[in-house]
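Working notes, structure below.
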Amino acid sequence: QVQLVESGGGSVQAGGSLRLSCAASEYTYSSNCMEWFRQVPGKEREGVAAIFTGKGSPYTYYGDSVKGRFTISQDNAKNTVYLQMNSLKPEDTAMYYCAADPKTVLPGYCRFNIGRVAFWGQGTQVTVSS
């Protein structure tokens, strides 16, 4: 069964850290392009971080608002993608979603193309207080 399950969300004070995990079924993990998005009520879903794995080193891409603070990585042995979030700000408060894009086959195109996402997780809430 196709499945993405996020965990690791919670409440933290500004400046703190959280690590989100996205455990994927083997089928969804076969997608080369795995991404994290976030959404707050009334706003569009925003791309946070993306990772493309294939030949050579993984390709990563970040949204401007999280560059230098967030790091995306993956553990192939565990079929899991991680999002390490440091120096959190109140504006990072959102529901965070893991996504698998099996249609993107080139690393440079693994950049938050929502139209190509085939699988979504259920989301995990992150709340940052000032």
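Residues are named by chain letter and number: chains run A, B, ... in the order of the structure tokens, numbers start at 1 in each chain, and ligands are numbered from 1 in the order shown.
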
Mind checking which residues fall within 10 Å of Ser129 of chain A, counting only C-alpha atoms, ignoring those fewer than 4 positions away in the same chain, and posting them as a PDB file with all heavy atoms, in the first residue's frame?
```
ATOM      1  N   SER A  11       5.512  21.425  19.584  1.00  0.00           N
ATOM      2  CA  SER A  11       5.607  22.837  19.950  1.00  0.00           C
ATOM      3  C   SER A  11       7.003  23.133  20.475  1.00  0.00           C
ATOM      4  O   SER A  11       7.554  22.350  21.258  1.00  0.00           O
ATOM      5  CB  SER A  11       4.571  23.177  21.018  1.00  0.00           C
ATOM      6  OG  SER A  11       3.258  22.988  20.526  1.00  0.00           O
ATOM      7  N   VAL A  12       7.548  24.262  20.076  1.00  0.00           N
ATOM      8  CA  VAL A  12       8.899  24.636  20.474  1.00  0.00           C
ATOM      9  C   VAL A  12       8.970  26.156  20.538  1.00  0.00           C
ATOM     10  O   VAL A  12       8.204  26.860  19.862  1.00  0.00           O
ATOM     11  CB  VAL A  12       9.930  24.062  19.482  1.00  0.00           C
ATOM     12  CG1 VAL A  12       9.765  24.681  18.109  1.00  0.00           C
ATOM     13  CG2 VAL A  12      11.346  24.211  19.997  1.00  0.00           C
ATOM     14  N   GLN A  13       9.874  26.656  21.339  1.00  0.00           N
ATOM     15  CA  GLN A  13      10.073  28.097  21.397  1.00  0.00           C
ATOM     16  C   GLN A  13      10.976  28.555  20.258  1.00  0.00           C
ATOM     17  O   GLN A  13      11.773  27.774  19.720  1.00  0.00           O
ATOM     18  CB  GLN A  13      10.687  28.481  22.745  1.00  0.00           C
ATOM     19  CG  GLN A  13       9.713  28.359  23.909  1.00  0.00           C
ATOM     20  CD  GLN A  13      10.247  29.020  25.159  1.00  0.00           C
ATOM     21  OE1 GLN A  13      11.458  29.009  25.407  1.00  0.00           O
ATOM     22  NE2 GLN A  13       9.360  29.592  25.962  1.00  0.00           N
ATOM     23  N   ALA A  14      10.844  29.825  19.918  1.00  0.00           N
ATOM     24  CA  ALA A  14      11.679  30.406  18.871  1.00  0.00           C
ATOM     25  C   ALA A  14      13.159  30.169  19.185  1.00  0.00           C
ATOM     26  O   ALA A  14      13.590  30.305  20.332  1.00  0.00           O
ATOM     27  CB  ALA A  14      11.404  31.889  18.739  1.00  0.00           C
ATOM     28  N   GLY A  15      13.891  29.810  18.139  1.00  0.00           N
ATOM     29  CA  GLY A  15      15.305  29.486  18.305  1.00  0.00           C
ATOM     30  C   GLY A  15      15.574  28.017  18.520  1.00  0.00           C
ATOM     31  O   GLY A  15      16.734  27.582  18.447  1.00  0.00           O
ATOM     32  N   GLY A  16      14.517  27.261  18.773  1.00  0.00           N
ATOM     33  CA  GLY A  16      14.672  25.839  19.032  1.00  0.00           C
ATOM     34  C   GLY A  16      14.757  25.018  17.752  1.00  0.00           C
ATOM     35  O   GLY A  16      14.786  25.565  16.639  1.00  0.00           O
ATOM     36  N   LEU A  88      14.331  27.877  14.670  1.00  0.00           N
ATOM     37  CA  LEU A  88      12.933  28.025  14.284  1.00  0.00           C
ATOM     38  C   LEU A  88      12.378  29.387  14.667  1.00  0.00           C
ATOM     39  O   LEU A  88      12.753  29.970  15.693  1.00  0.00           O
ATOM     40  CB  LEU A  88      12.099  26.910  14.928  1.00  0.00           C
ATOM     41  CG  LEU A  88      12.225  25.556  14.221  1.00  0.00           C
ATOM     42  CD1 LEU A  88      11.764  24.423  15.131  1.00  0.00           C
ATOM     43  CD2 LEU A  88      11.444  25.553  12.917  1.00  0.00           C
ATOM     44  N   LYS A  89      11.479  29.873  13.817  1.00  0.00           N
ATOM     45  CA  LYS A  89      10.842  31.170  13.997  1.00  0.00           C
ATOM     46  C   LYS A  89       9.329  30.985  14.096  1.00  0.00           C
ATOM     47  O   LYS A  89       8.789  30.006  13.558  1.00  0.00           O
ATOM     48  CB  LYS A  89      11.159  32.089  12.814  1.00  0.00           C
ATOM     49  CG  LYS A  89      12.638  32.278  12.539  1.00  0.00           C
ATOM     50  CD  LYS A  89      12.843  33.096  11.273  1.00  0.00           C
ATOM     51  CE  LYS A  89      14.312  33.275  10.946  1.00  0.00           C
ATOM     52  NZ  LYS A  89      14.521  34.070   9.709  1.00  0.00           N
ATOM     53  N   PRO A  90       8.634  31.922  14.701  1.00  0.00           N
ATOM     54  CA  PRO A  90       7.167  31.802  14.764  1.00  0.00           C
ATOM     55  C   PRO A  90       6.523  31.648  13.386  1.00  0.00           C
ATOM     56  O   PRO A  90       5.520  30.937  13.243  1.00  0.00           O
ATOM     57  CB  PRO A  90       6.745  33.099  15.443  1.00  0.00           C
ATOM     58  CG  PRO A  90       7.911  33.458  16.306  1.00  0.00           C
ATOM     59  CD  PRO A  90       9.119  33.035  15.511  1.00  0.00           C
ATOM     60  N   GLU A  91       7.114  32.260  12.378  1.00  0.00           N
ATOM     61  CA  GLU A  91       6.554  32.148  11.028  1.00  0.00           C
ATOM     62  C   GLU A  91       6.756  30.774  10.401  1.00  0.00           C
ATOM     63  O   GLU A  91       6.240  30.504   9.315  1.00  0.00           O
ATOM     64  CB  GLU A  91       7.123  33.233  10.106  1.00  0.00           C
ATOM     65  CG  GLU A  91       8.638  33.336  10.110  1.00  0.00           C
ATOM     66  CD  GLU A  91       9.136  34.421  11.057  1.00  0.00           C
ATOM     67  OE1 GLU A  91       8.635  34.523  12.209  1.00  0.00           O
ATOM     68  OE2 GLU A  91      10.073  35.155  10.649  1.00  0.00           O
ATOM     69  N   ASP A  92       7.500  29.898  11.062  1.00  0.00           N
ATOM     70  CA  ASP A  92       7.613  28.510  10.606  1.00  0.00           C
ATOM     71  C   ASP A  92       6.427  27.665  11.057  1.00  0.00           C
ATOM     72  O   ASP A  92       6.309  26.500  10.657  1.00  0.00           O
ATOM     73  CB  ASP A  92       8.905  27.884  11.130  1.00  0.00           C
ATOM     74  CG  ASP A  92      10.153  28.519  10.548  1.00  0.00           C
ATOM     75  OD1 ASP A  92      10.162  28.796   9.334  1.00  0.00           O
ATOM     76  OD2 ASP A  92      11.122  28.730  11.313  1.00  0.00           O
ATOM     77  N   THR A  93       5.575  28.227  11.885  1.00  0.00           N
ATOM     78  CA  THR A  93       4.398  27.505  12.357  1.00  0.00           C
ATOM     79  C   THR A  93       3.505  27.132  11.183  1.00  0.00           C
ATOM     80  O   THR A  93       3.106  27.982  10.385  1.00  0.00           O
ATOM     81  CB  THR A  93       3.605  28.365  13.353  1.00  0.00           C
ATOM     82  OG1 THR A  93       4.411  28.587  14.517  1.00  0.00           O
ATOM     83  CG2 THR A  93       2.307  27.679  13.756  1.00  0.00           C
TER      84      THR A  93
END
```

Subject >> All residues 8 Å or closer to Phe52 of chain A, only C-alpha atoms, same chain fewer than 4 positions away omitted, as a count of residues only >> reply: 8

**OP:** From a DSSP calculation on the backbone, collect every residue of segment 12-93 of chain A in strand (DSSP E or B) and output the set as a ChimeraX atom specification.
**Re:** /A:12-13,18-24,33-39,46-52,59-62,70-75,80-85

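Residues with any atom within 6 Å of Ala99 of chain A, counting only C-alpha atoms and excluding same-chain neighbours fewer than 3 positions away, are Met34, Glu35, Phe119 and Trp120 of chain A.
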
Subject >> Point-to-point distance from atom CA of Thr127 of chain A to atom CA of Tyr61 of chain A, Å rounded to tenths >> reply: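 Going from atom CA of Thr127 of chain A over to atom CA of Tyr61 of chain A covers 23.2 Å.
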
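Taking only C-alpha atoms, the non-local environment of Ala49 of chain A within 10 Å (same-chain residues fewer than 3 positions away omitted) comprises Met34, Glu35, Trp36, Phe37, Arg38, Glu46, Thr60, Tyr61, Tyr62, Gly63, Asp64, Val66, Lys67, Phe70, Thr71, Ile72, Ser73, Leu83, Cys98, Cys110, Arg111 and Phe112 of chain A.
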
**OP:** Give the helix (DSSP H, G or I) residues of segment 32-102 of chain A, as DSSP finds them on the backbone, and put them as number ranges by chain.
**Re:** A: 76-78, 90-92

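The interatomic distance for the pair atom CA of Ala50 of chain A and atom CA of Gln122 of chain A works out to 17.7 Å.
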
Original post:
Between A:Gln74, A:Arg45, A:Val40, A:Ser21, which has the minimum distance to Gly115 of chain A (counting only C-alpha atoms)?
Top reply: A:Arg45

Original post:
How many Å lie between atom CA of Arg69 of chain A and atom CA of Arg116 of chain A, rounded to one decimal?
Top reply: 26.0 Å

Original post:
Which residues come within 10 Å of Pro41 of chain A, counting only C-alpha atoms, excluding same-chain residues fewer than 2 positions away, as a PyMOL selection string?
Top reply: chain A and resi 39+43-45+94-95
